[in-house]
Amino acid sequence: MNPVVPPVTLEELSVLSRRASTVIERLRERVFAPGTQKKLEVLFNVRSAAEMVGRSEKAIRDAEADGRLPEPTKDAATNRRNGYTLAEVNRMREVFGTSPHRAPEDPPLVMAVQNFKGGVGKSTLVVHLAQYFALKGYRVCVIDCDSQASTTAVFGLNPDVDVDEDEDTLYPFLQHGGPKTLHYALRATYWPGIALIPANLGLYDAEYEFAARMARDPAFILDRLRDGVASIADQFDIILLDPPPALGMLSLSVLRAANALLIPAPPNNIDFASTAHFLKMMESTLAELARHGGAREYSFVKILTSKMNDQKSAHQAIKRMMDAVFPQDMLNASLKDSAEIDNATANLMTVYELTGPATRTETHKRCRAYLDAVGREVELLIRKTWPSHHRQLRKEGLL
């Protein structure tokens, strides 16, 4: 006869919750310890800088010689250039007129990286895309709409300490009578070209408040985030929205605010089925939004195979099926499953900000190539939405 298993009490659940919080606190103490404020330590040699700027090495040296650019700092012992920071590379783009910014009349691209299932690589994709675009010279804003605040943490803020939900997050703006714009929440980050609106657990309260008000004021609920994004959009080329991994009021607001969608979907049976359900739910959700006067058209909706493992035959089979079912809707590039991403994420970092000997390994180079391929493909989709870029795209044979 099996022994009777006693039920788990609320007190025991509280103990489990406290222990989990202790683990998170210890991880954050290590990452956010005093004196460990994040900074971008990546440097670019003159060859890399020339490629990024779209000019020759000689043009850079000539501009330094004639005073258009500051003299490069050099190592005292070797008299060799120390390398250029991203801020210095962006300065070169300004001097040479090669910044890729959209024209003022071009619409800002507001892209949600959206799936109603967790664990699909959503936040990983958001931060790596943001940094890819920043490396290319775009003006980027990341809006963390997820109370789990993973994206906020990767950008160097401790959500429990550095972020006040009543002052720093979307929460006050989403309340009736809140601020008129989102400027109050914008924060510069240690990445030149990237601004952040952070999140923390307090943002979860907005779900309850939105749900309570939906029946009596649906227009306010559906349009509020969209209006907030519009209030800051003129400062940026690309705005990335990181929504909660669930169908809730914030997720609906994100769908309404975005003008492009990127859907990460791992190639396994459970996640593929979840993505199919997500698309079906999104169809009915958008129809419901339209019924309330919130119709929305997207510049593009693309599915990205995430967490792809080429060594798994099941992954390859499902990827082939996804390509067959969604022939026009899949990105060609895939976000591969990589220990490099896992190791960086464990330290609340990204592959793009790793430095030192680890960046010269084949694993890092392969991972960087996967990420760059995803970034390039999304970048091209974005540039196609900007009329001012069409002439150059035609010249490059990309339009």
# chains A, B, ... in the order shown; residues from 1 in each chain; ligands from 1
>>> select_by_dssp(residues="stretch 230-277 of chain A", states="helix (DSSP H, G or I)", output="list in words")
Ala230, Ser231, Ile232, Ala233, Asp234, Gln235, Met249, Leu250, Ser251, Leu252, Ser253, Val254, Leu255, Arg256, Ala257, Asn269, Ile270, Asp271, Phe272, Ala273, Ser274, Thr275, Ala276 and His277 of chain A
>>> write_last_selection(atoms="C-alpha atoms", output="PDB file, in the first residue's frame")
ATOM      1  CA  ALA A 230       4.797  57.323 -30.579  1.00  0.00           C
ATOM      2  CA  SER A 231       5.779  60.012 -28.046  1.00  0.00           C
ATOM      3  CA  ILE A 232       9.468  58.983 -28.188  1.00  0.00           C
ATOM      4  CA  ALA A 233       9.723  57.378 -31.628  1.00  0.00           C
ATOM      5  CA  ASP A 234      11.199  60.413 -33.369  1.00  0.00           C
ATOM      6  CA  GLN A 235      14.439  59.938 -31.403  1.00  0.00           C
ATOM      7  CA  MET A 249      -3.264  42.924 -21.432  1.00  0.00           C
ATOM      8  CA  LEU A 250       0.367  43.998 -21.802  1.00  0.00           C
ATOM      9  CA  SER A 251       0.874  41.520 -24.630  1.00  0.00           C
ATOM     10  CA  LEU A 252      -2.224  42.885 -26.359  1.00  0.00           C
ATOM     11  CA  SER A 253      -0.894  46.407 -25.913  1.00  0.00           C
ATOM     12  CA  VAL A 254       2.414  45.361 -27.465  1.00  0.00           C
ATOM     13  CA  LEU A 255       0.629  43.833 -30.480  1.00  0.00           C
ATOM     14  CA  ARG A 256      -1.206  47.139 -30.889  1.00  0.00           C
ATOM     15  CA  ALA A 257       1.932  49.270 -30.490  1.00  0.00           C
ATOM     16  CA  ASN A 269       7.082  19.357 -31.385  1.00  0.00           C
ATOM     17  CA  ILE A 270       5.874  21.134 -28.255  1.00  0.00           C
ATOM     18  CA  ASP A 271       7.223  24.564 -29.179  1.00  0.00           C
ATOM     19  CA  PHE A 272       6.117  24.246 -32.805  1.00  0.00           C
ATOM     20  CA  ALA A 273       2.595  23.379 -31.643  1.00  0.00           C
ATOM     21  CA  SER A 274       2.710  26.361 -29.272  1.00  0.00           C
ATOM     22  CA  THR A 275       3.738  28.627 -32.134  1.00  0.00           C
ATOM     23  CA  ALA A 276       0.830  27.346 -34.243  1.00  0.00           C
ATOM     24  CA  HIS A 277      -1.513  28.049 -31.323  1.00  0.00           C
TER      25      HIS A 277
END
>>> residues_around(residues="stretch 142-156 of chain A", least_positions_apart="4", cutoff="8 Å", atoms="only C-alpha atoms", output="PyMOL selection string")
chain A and resi 32+37-38+123-124+126-127+130+170+189-190+194-204+239-245+250+345+348-350
>>> closest_residue(among="A:Asp62, A:Glu340, A:Glu105, A:Glu297", to="A:Ser388", atoms="only C-alpha atoms")
A:Glu105
>>> select_by_dssp(residues="stretch 160-360 of chain A", states="strand (DSSP E or B)", output="number ranges by chain")
A: 187-188, 194-197, 238-242, 260-265, 301-308, 330-336
>>> write_last_selection(atoms="C-alpha atoms", output="mmCIF file, in the first residue's frame")
data_model
loop_
_atom_site.group_PDB
_atom_site.id
_atom_site.type_symbol
_atom_site.label_atom_id
_atom_site.label_comp_id
_atom_site.auth_asym_id
_atom_site.auth_seq_id
_atom_site.Cartn_x
_atom_site.Cartn_y
_atom_site.Cartn_z
ATOM 1 C CA ARG A 187 17.655 55.529 -19.724
ATOM 2 C CA ALA A 188 20.946 55.648 -21.565
ATOM 3 C CA ILE A 194 20.886 52.058 -27.114
ATOM 4 C CA ALA A 195 18.330 53.524 -24.719
ATOM 5 C CA LEU A 196 16.282 51.370 -22.362
ATOM 6 C CA ILE A 197 12.946 51.575 -20.616
ATOM 7 C CA ILE A 238 14.341 51.074 -34.266
ATOM 8 C CA ILE A 239 12.282 50.368 -31.144
ATOM 9 C CA LEU A 240 12.269 46.805 -29.826
ATOM 10 C CA LEU A 241 9.467 45.623 -27.547
ATOM 11 C CA ASP A 242 10.061 42.651 -25.219
ATOM 12 C CA ALA A 260 6.406 44.615 -37.197
ATOM 13 C CA LEU A 261 6.531 41.209 -35.506
ATOM 14 C CA LEU A 262 9.315 38.675 -35.100
ATOM 15 C CA ILE A 263 8.216 35.308 -33.690
ATOM 16 C CA PRO A 264 10.967 33.053 -32.279
ATOM 17 C CA ALA A 265 10.011 29.367 -32.479
ATOM 18 C CA VAL A 301 5.627 39.312 -39.682
ATOM 19 C CA LYS A 302 8.428 36.759 -39.679
ATOM 20 C CA ILE A 303 9.082 33.496 -37.855
ATOM 21 C CA LEU A 304 12.633 32.788 -36.681
ATOM 22 C CA THR A 305 13.802 29.277 -35.888
ATOM 23 C CA SER A 306 15.387 29.674 -32.449
ATOM 24 C CA LYS A 307 17.442 27.268 -30.334
ATOM 25 C CA MET A 308 18.195 25.233 -33.464
ATOM 26 C CA MET A 330 10.411 32.128 -42.239
ATOM 27 C CA LEU A 331 13.698 33.933 -41.880
ATOM 28 C CA ASN A 332 16.427 32.124 -43.790
ATOM 29 C CA ALA A 333 18.812 32.494 -40.853
ATOM 30 C CA SER A 334 18.361 30.526 -37.635
ATOM 31 C CA LEU A 335 19.299 31.349 -34.075
ATOM 32 C CA LYS A 336 21.375 28.287 -33.228
#
>>> residues_around(residues="A:Ala50", least_positions_apart="2", cutoff="12 Å", atoms="only C-alpha atoms", output="short mmCIF file (atom, residue, chain, number, x, y, z; two decimals) with C-alpha atoms, in the first residue's frame")
data_model
loop_
_atom_site.label_atom_id
_atom_site.label_comp_id
_atom_site.auth_asym_id
_atom_site.auth_seq_id
_atom_site.Cartn_x
_atom_site.Cartn_y
_atom_site.Cartn_z
CA PHE A 44 37.87 47.79 -32.82
CA ASN A 45 41.13 47.97 -34.74
CA VAL A 46 41.43 50.40 -37.64
CA ARG A 47 40.56 47.70 -40.20
CA SER A 48 37.35 46.76 -38.38
CA MET A 52 31.98 49.48 -39.93
CA VAL A 53 32.17 53.07 -41.13
CA GLY A 54 32.28 52.26 -44.85
CA ARG A 55 35.51 54.13 -45.53
CA SER A 56 39.13 53.12 -46.05
CA GLU A 57 41.77 52.93 -43.35
CA LYS A 58 43.58 55.74 -45.14
CA ALA A 59 40.48 57.95 -44.98
CA ILE A 60 40.35 57.47 -41.22
CA ARG A 61 44.04 58.26 -40.78
CA GLY A 83 41.64 50.44 -30.74
CA TYR A 84 38.45 52.43 -31.15
CA GLU A 88 34.45 56.68 -31.54
CA VAL A 89 33.30 54.59 -34.49
CA ASN A 90 29.95 56.40 -34.40
CA MET A 92 33.58 58.57 -37.59
CA ARG A 93 30.19 57.79 -39.14
CA PHE A 96 32.00 60.76 -43.06
CA THR A 98 27.74 57.20 -43.27
#
>>> residues_around(residues="A:Phe116", least_positions_apart="6", cutoff="7 Å", atoms="only C-alpha atoms", output="PyMOL selection string")
chain A and resi 245-247+278
>>> closest_residue(among="A:Gly228, A:Pro267, A:Gly193, A:Gly356", to="A:Met322", atoms="only C-alpha atoms")
A:Pro267
>>> closest_residue(among="A:Thr78, A:Asn259, A:Asn343, A:Thr355", to="A:Leu40", atoms="only C-alpha atoms")
A:Thr355
>>> closest_residue(among="A:Lys117, A:Arg224, A:Arg296, A:Arg291", to="A:Gly178", atoms="only C-alpha atoms")
A:Arg224
>>> atom_distance(atom1="atom CA of A:Leu225", atom2="atom CA of A:Pro100")
26.9 Å
>>> closest_residue(among="A:Ser338, A:Thr363, A:Asn115, A:Asn268", to="A:Ile318", atoms="only C-alpha atoms")
A:Asn268
>>> atom_distance(atom1="atom CA of A:Pro192", atom2="atom CA of A:Asp160")
24.5 Å
